[in-house]
file run21.txt (compact mmCIF, C-alpha atoms and all ligand atoms)
# COMPACT_ATOMS: atom_id res chain seq x y z
CA MET A 24 -21.32 -14.59 -6.65
CA TYR A 25 -20.78 -11.36 -4.72
CA LEU A 26 -17.75 -10.70 -2.57
CA CYS A 27 -17.79 -8.25 0.34
CA SER A 28 -14.52 -6.41 1.05
CA HIS A 29 -13.60 -3.11 2.65
CA SER A 30 -10.23 -1.69 1.73
CA ILE A 31 -7.62 -2.65 -0.88
CA TYR A 32 -3.94 -3.02 -0.07
CA GLU A 33 -0.70 -3.38 -2.06
CA LYS A 34 1.07 -6.66 -1.34
CA SER A 35 3.51 -4.85 0.90
CA ASP A 36 1.34 -2.35 2.71
CA GLN A 37 -1.33 -4.22 4.61
CA ASN A 38 -1.38 -2.28 7.81
CA SER A 39 -4.84 -2.22 9.26
CA TYR A 40 -7.59 -4.63 10.08
CA TYR A 41 -9.93 -3.31 7.42
CA ASP A 42 -7.50 -3.89 4.52
CA ASP A 43 -8.81 -7.21 3.43
CA ILE A 44 -8.07 -7.78 -0.24
CA SER A 45 -4.92 -7.03 -2.20
CA ILE A 46 -4.81 -5.34 -5.60
CA ASN A 47 -3.06 -8.42 -7.01
CA GLU A 48 -5.94 -10.61 -5.90
CA ILE A 49 -8.39 -8.19 -7.50
CA LYS A 50 -6.46 -8.15 -10.78
CA LYS A 51 -6.60 -11.94 -10.98
CA ILE A 52 -10.16 -12.38 -9.85
CA ASN A 53 -12.55 -14.34 -12.04
CA LYS A 54 -14.81 -12.02 -14.05
CA ASN A 55 -17.95 -13.76 -12.72
CA PHE A 56 -17.16 -12.48 -9.26
CA HIS A 57 -18.96 -9.21 -8.47
CA LEU A 58 -17.02 -7.03 -6.06
CA THR A 59 -18.53 -4.92 -3.32
CA PHE A 60 -16.70 -2.60 -0.90
CA ASP A 61 -18.38 -1.48 2.32
CA ASP A 62 -17.87 1.78 4.27
CA GLY A 63 -16.23 3.88 1.48
CA TYR A 64 -12.55 3.71 2.42
CA LEU A 65 -10.09 5.94 0.58
CA SER A 66 -7.90 3.15 -0.87
CA ILE A 67 -10.61 2.36 -3.42
CA TYR A 68 -9.80 5.64 -5.20
CA LYS A 69 -6.10 4.81 -5.41
CA TYR A 70 -7.03 1.89 -7.71
CA LYS A 71 -9.72 3.73 -9.65
CA GLU A 72 -8.19 3.05 -13.09
CA ILE A 73 -7.90 -0.69 -12.48
CA LEU A 74 -11.40 -0.98 -10.99
CA CYS A 75 -12.97 1.13 -13.72
CA ASN A 76 -11.47 -1.03 -16.48
CA MET A 77 -12.55 -4.35 -15.01
CA LYS A 78 -15.31 -6.48 -16.52
CA ASN A 79 -16.63 -7.21 -13.03
CA LYS A 80 -19.62 -5.40 -11.62
CA ILE A 81 -18.57 -3.31 -8.61
CA ILE A 82 -20.72 -1.71 -5.90
CA LEU A 83 -19.39 0.75 -3.32
CA PHE A 84 -21.57 0.89 -0.22
CA ILE A 85 -21.21 4.31 1.37
CA CYS A 86 -22.20 5.77 4.76
CA PRO A 87 -22.72 9.52 4.11
CA GLY A 88 -22.06 10.21 7.81
CA PHE A 89 -18.46 8.98 7.37
CA ILE A 90 -17.95 11.19 4.32
CA GLU A 91 -19.49 14.26 6.02
CA GLY A 92 -17.59 13.57 9.26
CA ASP A 93 -20.67 13.95 11.47
CA THR A 94 -20.74 10.33 12.68
CA ASN A 95 -18.73 8.71 15.46
CA ILE A 96 -16.91 5.58 14.34
CA TRP A 97 -16.54 3.29 17.35
CA TRP A 98 -14.01 0.90 15.78
CA PHE A 99 -11.56 3.69 14.91
CA GLU A 100 -11.82 5.21 18.37
CA LEU A 101 -11.51 1.85 20.10
CA LEU A 102 -8.57 0.76 17.95
CA ASP A 103 -6.75 4.09 18.49
CA PHE A 104 -7.31 3.81 22.22
CA VAL A 105 -6.21 0.17 22.52
CA ASN A 106 -3.08 0.81 20.43
CA LYS A 107 -2.01 3.95 22.29
CA THR A 108 -2.73 3.06 25.91
CA ASN A 109 0.03 1.64 28.06
CA SER A 110 -1.94 1.03 31.23
CA ASP A 111 -4.38 -1.85 31.67
CA LEU A 112 -8.06 -1.33 31.00
CA GLU A 113 -10.56 -1.84 33.80
CA PHE A 114 -14.20 -0.74 33.77
CA SER A 115 -17.80 -1.69 34.54
CA PHE A 116 -20.61 -1.61 32.00
CA ARG A 117 -24.20 -2.60 32.75
CA GLY A 118 -23.29 -4.37 35.97
CA LYS A 119 -20.43 -6.37 34.45
CA ASN A 120 -16.76 -5.82 35.30
CA PHE A 121 -14.11 -5.92 32.58
CA TYR A 122 -10.36 -6.15 32.84
CA PHE A 123 -7.83 -6.26 30.00
CA SER A 124 -4.07 -6.21 30.14
CA LEU A 125 -2.72 -4.10 27.25
CA LYS A 126 1.01 -4.74 27.39
CA THR A 127 1.61 -6.82 24.28
CA SER A 128 0.22 -6.56 20.76
CA LYS A 129 -1.52 -9.92 21.25
CA GLU A 130 -3.27 -8.59 24.35
CA ARG A 131 -4.33 -5.44 22.51
CA GLU A 132 -5.74 -7.49 19.66
CA PHE A 133 -7.59 -9.73 22.11
CA CYS A 134 -9.07 -6.71 23.90
CA TYR A 135 -10.20 -5.09 20.62
CA LYS A 136 -11.83 -8.30 19.41
CA LYS A 137 -13.64 -8.96 22.69
CA LEU A 138 -14.96 -5.39 22.95
CA SER A 139 -15.97 -5.36 19.26
CA ILE A 140 -18.40 -8.19 19.95
CA ILE A 141 -20.11 -6.03 22.59
CA PHE A 142 -20.16 -2.90 20.38
CA LYS A 143 -21.90 -4.81 17.58
CA LYS A 144 -24.65 -5.97 19.92
CA ILE A 145 -25.68 -2.57 21.34
CA ASN A 146 -27.39 0.47 19.85
CA GLN A 147 -25.55 3.66 18.89
CA ARG A 148 -26.53 5.52 22.06
CA SER A 149 -25.07 2.73 24.21
CA GLN A 150 -21.94 2.63 22.02
CA GLN A 151 -21.32 6.28 22.90
CA GLU A 152 -21.94 5.55 26.58
CA LEU A 153 -19.44 2.66 26.48
CA LEU A 154 -16.79 4.73 24.65
CA ASN A 155 -17.15 7.47 27.28
CA ILE A 156 -16.51 4.88 30.00
CA ILE A 157 -13.51 3.29 28.25
CA ILE A 158 -11.82 6.47 26.99
CA LYS A 159 -11.25 9.05 29.72
CA LYS A 160 -11.25 12.66 28.43
CA ARG A 161 -12.58 11.44 25.09
CA LYS A 162 -12.24 14.01 22.31
CA LYS A 163 -13.98 14.28 18.96
CA ILE A 164 -11.63 12.98 16.26
CA ASP A 165 -12.06 13.73 12.57
CA TYR A 166 -11.65 10.48 10.61
CA ARG A 167 -12.65 11.88 7.21
CA LYS A 168 -9.13 11.40 5.82
CA ASN A 169 -9.75 7.64 5.84
CA PHE A 170 -12.71 7.92 3.50
CA LEU A 171 -13.53 8.83 -0.08
CA THR A 172 -14.76 12.38 -0.67
CA TRP A 173 -18.00 13.15 -2.53
CA GLU A 174 -15.95 14.29 -5.54
CA MET A 175 -14.19 10.92 -5.67
CA ILE A 176 -17.47 9.05 -5.22
CA TYR A 177 -19.03 11.02 -8.08
CA GLU A 178 -16.04 10.27 -10.30
CA LEU A 179 -16.17 6.55 -9.46
CA SER A 180 -19.92 6.49 -10.12
CA GLN A 181 -19.20 7.60 -13.71
CA CYS A 182 -17.45 4.29 -14.49
CA PRO A 183 -19.94 2.05 -16.31
CA ASN A 184 -19.25 -0.98 -14.09
CA ILE A 185 -19.34 0.88 -10.74
CA SER A 186 -22.51 1.64 -8.77
CA ILE A 187 -22.88 3.49 -5.49
CA GLY A 188 -25.07 1.89 -2.85
CA SER A 189 -26.16 2.87 0.64
CA HIS A 190 -24.71 1.37 3.80
CA THR A 191 -27.14 3.46 5.96
CA TYR A 192 -26.31 7.00 7.08
CA SER A 193 -24.18 6.28 10.15
CA HIS A 194 -23.62 2.48 10.27
CA PRO A 195 -25.75 1.31 13.21
CA ASN A 196 -26.78 -2.29 13.72
CA LEU A 197 -30.36 -1.65 12.54
CA LYS A 198 -31.75 -4.50 14.60
CA ASN A 199 -30.67 -2.66 17.78
CA GLU A 200 -32.39 0.61 16.85
CA ASP A 201 -36.03 1.78 17.06
CA LYS A 202 -38.36 2.19 14.06
CA LYS A 203 -37.79 5.95 13.76
CA LYS A 204 -34.01 5.58 13.67
CA VAL A 205 -34.19 2.71 11.13
CA SER A 206 -36.34 4.82 8.86
CA PHE A 207 -34.00 7.85 9.17
CA GLU A 208 -30.89 5.76 8.44
CA LEU A 209 -32.36 4.19 5.30
CA LYS A 210 -34.02 7.35 3.93
CA LYS A 211 -31.38 9.95 4.67
CA SER A 212 -28.49 7.93 3.21
CA LYS A 213 -30.41 7.31 -0.03
CA GLU A 214 -31.29 11.01 -0.34
CA VAL A 215 -27.76 12.28 0.35
CA ILE A 216 -26.11 9.76 -2.01
CA GLU A 217 -28.56 10.54 -4.83
CA LYS A 218 -27.99 14.28 -4.39
CA ASN A 219 -24.23 13.79 -4.69
CA ILE A 220 -24.02 11.24 -7.52
CA LYS A 221 -27.01 12.67 -9.42
CA LYS A 222 -28.32 9.14 -10.01
CA GLU A 223 -30.71 6.76 -8.31
CA CYS A 224 -29.30 4.75 -5.39
CA SER A 225 -31.17 1.45 -5.41
CA TYR A 226 -28.76 -0.87 -3.56
CA LEU A 227 -28.49 -1.22 0.20
CA ALA A 228 -26.02 -3.24 2.28
CA PHE A 229 -26.85 -3.73 5.94
CA PRO A 230 -24.06 -2.68 8.34
CA TYR A 231 -22.45 -5.78 9.88
CA GLY A 232 -24.62 -7.80 7.49
CA GLY A 233 -25.28 -11.02 9.40
CA ASN A 234 -28.77 -12.22 10.34
CA ASN A 235 -28.43 -10.53 13.73
CA SER A 236 -28.30 -7.15 11.97
CA PHE A 237 -31.67 -7.15 10.16
CA ASP A 238 -35.11 -8.74 10.09
CA ASN A 239 -38.16 -8.88 7.80
CA LYS A 240 -39.57 -5.58 9.12
CA ILE A 241 -36.32 -3.78 8.27
CA ILE A 242 -36.28 -5.39 4.82
CA ASP A 243 -39.88 -4.26 4.20
CA LYS A 244 -39.03 -0.71 5.32
CA ALA A 245 -36.06 -0.62 2.93
CA LEU A 246 -38.21 -1.79 0.02
CA GLU A 247 -40.90 0.78 0.92
CA ILE A 248 -38.26 3.55 0.85
CA GLY A 249 -37.25 2.46 -2.66
CA TYR A 250 -34.25 0.14 -2.47
CA LYS A 251 -34.38 -2.58 -5.13
CA ASN A 252 -31.65 -4.95 -3.91
CA ILE A 253 -30.48 -5.57 -0.37
CA PHE A 254 -27.10 -7.13 0.35
CA THR A 255 -26.17 -9.14 3.43
CA THR A 256 -23.16 -11.17 4.51
CA GLU A 257 -25.44 -13.94 5.66
CA PRO A 258 -24.89 -16.91 3.37
CA LYS A 259 -27.77 -18.97 4.71
CA ILE A 260 -30.60 -16.52 4.08
CA ASN A 261 -32.29 -16.46 0.72
CA PHE A 262 -35.52 -14.53 0.54
CA ILE A 263 -37.13 -14.67 -2.87
CA LYS A 264 -39.82 -12.09 -3.46
CA LYS A 265 -41.94 -11.49 -6.55
CA GLU A 266 -39.92 -13.90 -8.70
CA LYS A 267 -36.92 -11.64 -8.38
CA GLN A 268 -33.97 -12.05 -6.09
CA ILE A 269 -34.13 -9.03 -3.84
CA ILE A 270 -31.91 -10.19 -1.00
CA ILE A 271 -28.39 -10.92 -2.17
CA ASN A 272 -25.91 -12.72 0.06
CA ARG A 273 -22.19 -12.10 -0.13
CA LEU A 274 -19.06 -13.95 0.82
CA THR A 275 -16.60 -11.92 2.87
CA SER A 276 -12.93 -11.57 1.96
CA SER A 277 -11.90 -10.84 5.55
CA PRO A 278 -12.10 -13.26 8.49
CA ASN A 279 -15.56 -13.37 9.95
CA ILE A 280 -16.08 -14.93 13.35
CA SER A 281 -19.52 -16.21 12.47
CA ASN A 282 -18.58 -17.93 9.21
CA ASP A 283 -14.90 -18.79 9.14
CA ARG A 284 -15.43 -21.83 6.95
CA LEU A 285 -17.09 -19.66 4.33
CA TRP A 286 -14.28 -17.20 4.58
CA LEU A 287 -11.80 -19.97 3.73
CA TYR A 288 -14.04 -20.89 0.82
CA SER A 289 -14.04 -17.33 -0.48
CA ARG A 290 -10.24 -17.09 -0.12
CA TYR A 291 -10.05 -20.31 -2.11
CA LEU A 292 -12.15 -18.75 -4.83
CA ILE A 293 -10.14 -15.51 -4.85
CA LYS A 294 -6.95 -17.45 -5.37
CA GLY A 295 -8.15 -18.09 -8.87
CA PHE A 296 -9.61 -21.53 -9.43
CA LYS A 297 -11.42 -21.39 -12.72
CA ASN A 298 -14.92 -22.63 -13.54
CA ILE A 299 -15.97 -22.86 -9.94
CA LEU A 300 -17.88 -19.64 -9.67
CA ILE A 301 -21.57 -19.37 -10.23
CA ASN A 302 -22.94 -16.08 -11.41
CA ASN A 303 -26.01 -16.19 -9.21
CA VAL A 304 -27.56 -12.81 -9.94
ZN ZN B 401 -19.71 -1.59 7.23
call {"tool": "encode", "arguments": {"input": "run21.txt", "output": "structure tokens"}}
result
Amino acid sequence: MYLCSHSIYEKSDQNSYYDDISINEIKKINKNFHLTFDDGYLSIYKYKEILCNMKNKIILFICPGFIEGDTNIWWFELLDFVNKTNSDLEFSFRGKNFYFSLKTSKEREFCYKKLSIIFKKINQRSQQELLNIIIKKRKKIDYRKNFLTWEMIYELSQCPNISIGSHTYSHPNLKNEDKKKVSFELKKSKEVIEKNIKKECSYLAFPYGGNNSFDNKIIDKALEIGYKNIFTTEPKINFIKKEKQIIINRLTSSPNISNDRLWLYSRYLIKGFKNILINNV
């Protein structure tokens, strides 16, 4: 069973939406649980010793664009904006009018969640267009401090239980992009990761990960480019090809709107009930 998480927090320091598993939970996790961390957040490095000495298999799915700092990250920009703005938000996008009051933290959270749903459904070009509408006088912000560096990634890749996988180059929803962009995202990330870790990168995790973020054509392209295993967060899909399980589905450790029952199930597993886990790959 594979678990998909993002960032690790100490019991006392959970402070952002992407911190979704605590170090205490990780320490107690059943050894049959394989851990995966998407996006390459910095907190992984803080717990390097613990992770490196675990019996569990661990995969870090990296977006080179986040590490290099040449990719816009809509959720950071949106979250920064929603948290810092005092006035209400009113705008039109593609013929639809939007209005959000941003006075209380509940209202800010509501606004972020509602807009996130839209951002996940549109391509990267439209995401930039929407950010330009929402954020007046938008400036380029460097978010590299939130992510692992190549040196850290190389060091982590030296641990026998840790592998580095690709999470595309710049984290688009591949299903919203054209063929050329899909090919670039899959190829370029593999090349850049392999150059930096000096090893083959054969794992791929689709950004967002649900069945509305990939299709069979994208899977075939990824296999053609040389990926051996492809990870989703879609528990219902199970493609079996050539007698080998190529598509691997993961449970998520953070709340997921599309599968909240499964999220509860994964939290139940993380809490340490023995003999319930199946090592499925
Ligand atoms: Zn991601």
call {"tool": "residues_around", "arguments": {"input": "run21.txt", "residues": "A:Lys107", "least_positions_apart": "3", "cutoff": "12 Å", "atoms": "all atoms listed in the file", "output": "list in words"}}
result
Glu100, Leu101, Leu102, Asp103, Phe104, Ser110, Asp111, Leu112, Leu125, Lys126, Thr127, Ser128, Arg131 and Ile158 of chain A
call {"tool": "closest_atom_pairs", "arguments": {"input": "run21.txt", "of": "chain A", "to": "ligand ZN 401 (chain B)", "cutoff": "6 Å", "atoms": "all atoms listed in the file", "output": "tab-separated table"}}
result
residue	atom	partner	partner_atom	distance
A:Asp61	CA	B:ZN401	ZN	5.1
A:Asp62	CA	B:ZN401	ZN	4.8
A:Pro230	CA	B:ZN401	ZN	4.6
A:Tyr231	CA	B:ZN401	ZN	5.7
call {"tool": "closest_residue", "arguments": {"input": "run21.txt", "among": "A:Lys198, A:Lys204, A:Lys221, A:Lys163", "to": "A:Asn239", "atoms": "all atoms listed in the file"}}
result
A:Lys198
call {"tool": "closest_residue", "arguments": {"input": "run21.txt", "among": "A:Phe133, A:Trp97, A:Tyr192, A:Phe254", "to": "A:Leu274", "atoms": "only C-alpha atoms"}}
result
A:Phe254
call {"tool": "closest_residue", "arguments": {"input": "run21.txt", "among": "A:Cys134, A:Leu171, A:Ile185, A:Ile140", "to": "A:Asn106", "atoms": "only C-alpha atoms"}}
result
A:Cys134
call {"tool": "atom_distance", "arguments": {"input": "run21.txt", "atom1": "atom CA of A:Ser189", "atom2": "atom CA of A:Glu257"}}
result
17.6 Å
call {"tool": "atom_distance", "arguments": {"input": "run21.txt", "atom1": "atom CA of A:Lys159", "atom2": "atom CA of A:Trp98"}}
result
16.4 Å
call {"tool": "atom_distance", "arguments": {"input": "run21.txt", "atom1": "atom CA of A:Lys136", "atom2": "atom CA of A:Phe229"}}
result
20.7 Å
call {"tool": "closest_residue", "arguments": {"input": "run21.txt", "among": "A:Thr94, A:Asn155, A:Ser30, A:Gln268", "to": "A:Thr191", "atoms": "all atoms listed in the file"}}
result
A:Thr94
call {"tool": "closest_residue", "arguments": {"input": "run21.txt", "among": "A:Ser66, A:Asn169, A:Ser236, A:Asn55", "to": "A:Pro195", "atoms": "only C-alpha atoms"}}
result
A:Ser236
call {"tool": "closest_residue", "arguments": {"input": "run21.txt", "among": "A:Ile269, A:Leu153, A:Ser139, A:Cys182", "to": "A:Ile242", "atoms": "all atoms listed in the file"}}
result
A:Ile269
call {"tool": "residues_around", "arguments": {"input": "run21.txt", "residues": "A:His57", "least_positions_apart": "2", "cutoff": "9 Å", "atoms": "only C-alpha atoms", "output": "PyMOL selection string"}}
result
chain A and resi 24-27+53-55+59+79-82+302
call {"tool": "residues_near_point", "arguments": {"input": "run21.txt", "point": "(-36.6, 0.5, 8.3)", "cutoff": "12 Å", "atoms": "all atoms listed in the file", "output": "ChimeraX atom specification"}}
result
/A:191,195-211,227,229,236-250
call {"tool": "residues_near_point", "arguments": {"input": "run21.txt", "point": "(-11.6, 6.2, -5.2)", "cutoff": "6 Å", "atoms": "only C-alpha atoms", "output": "PyMOL selection string"}}
result
chain A and resi 65+67-69+71+175
call {"tool": "residues_around", "arguments": {"input": "run21.txt", "residues": "A:Gln181", "least_positions_apart": "5", "cutoff": "10 Å", "atoms": "only C-alpha atoms", "output": "PyMOL selection string"}}
result
chain A and resi 75+176+186-187+220+222
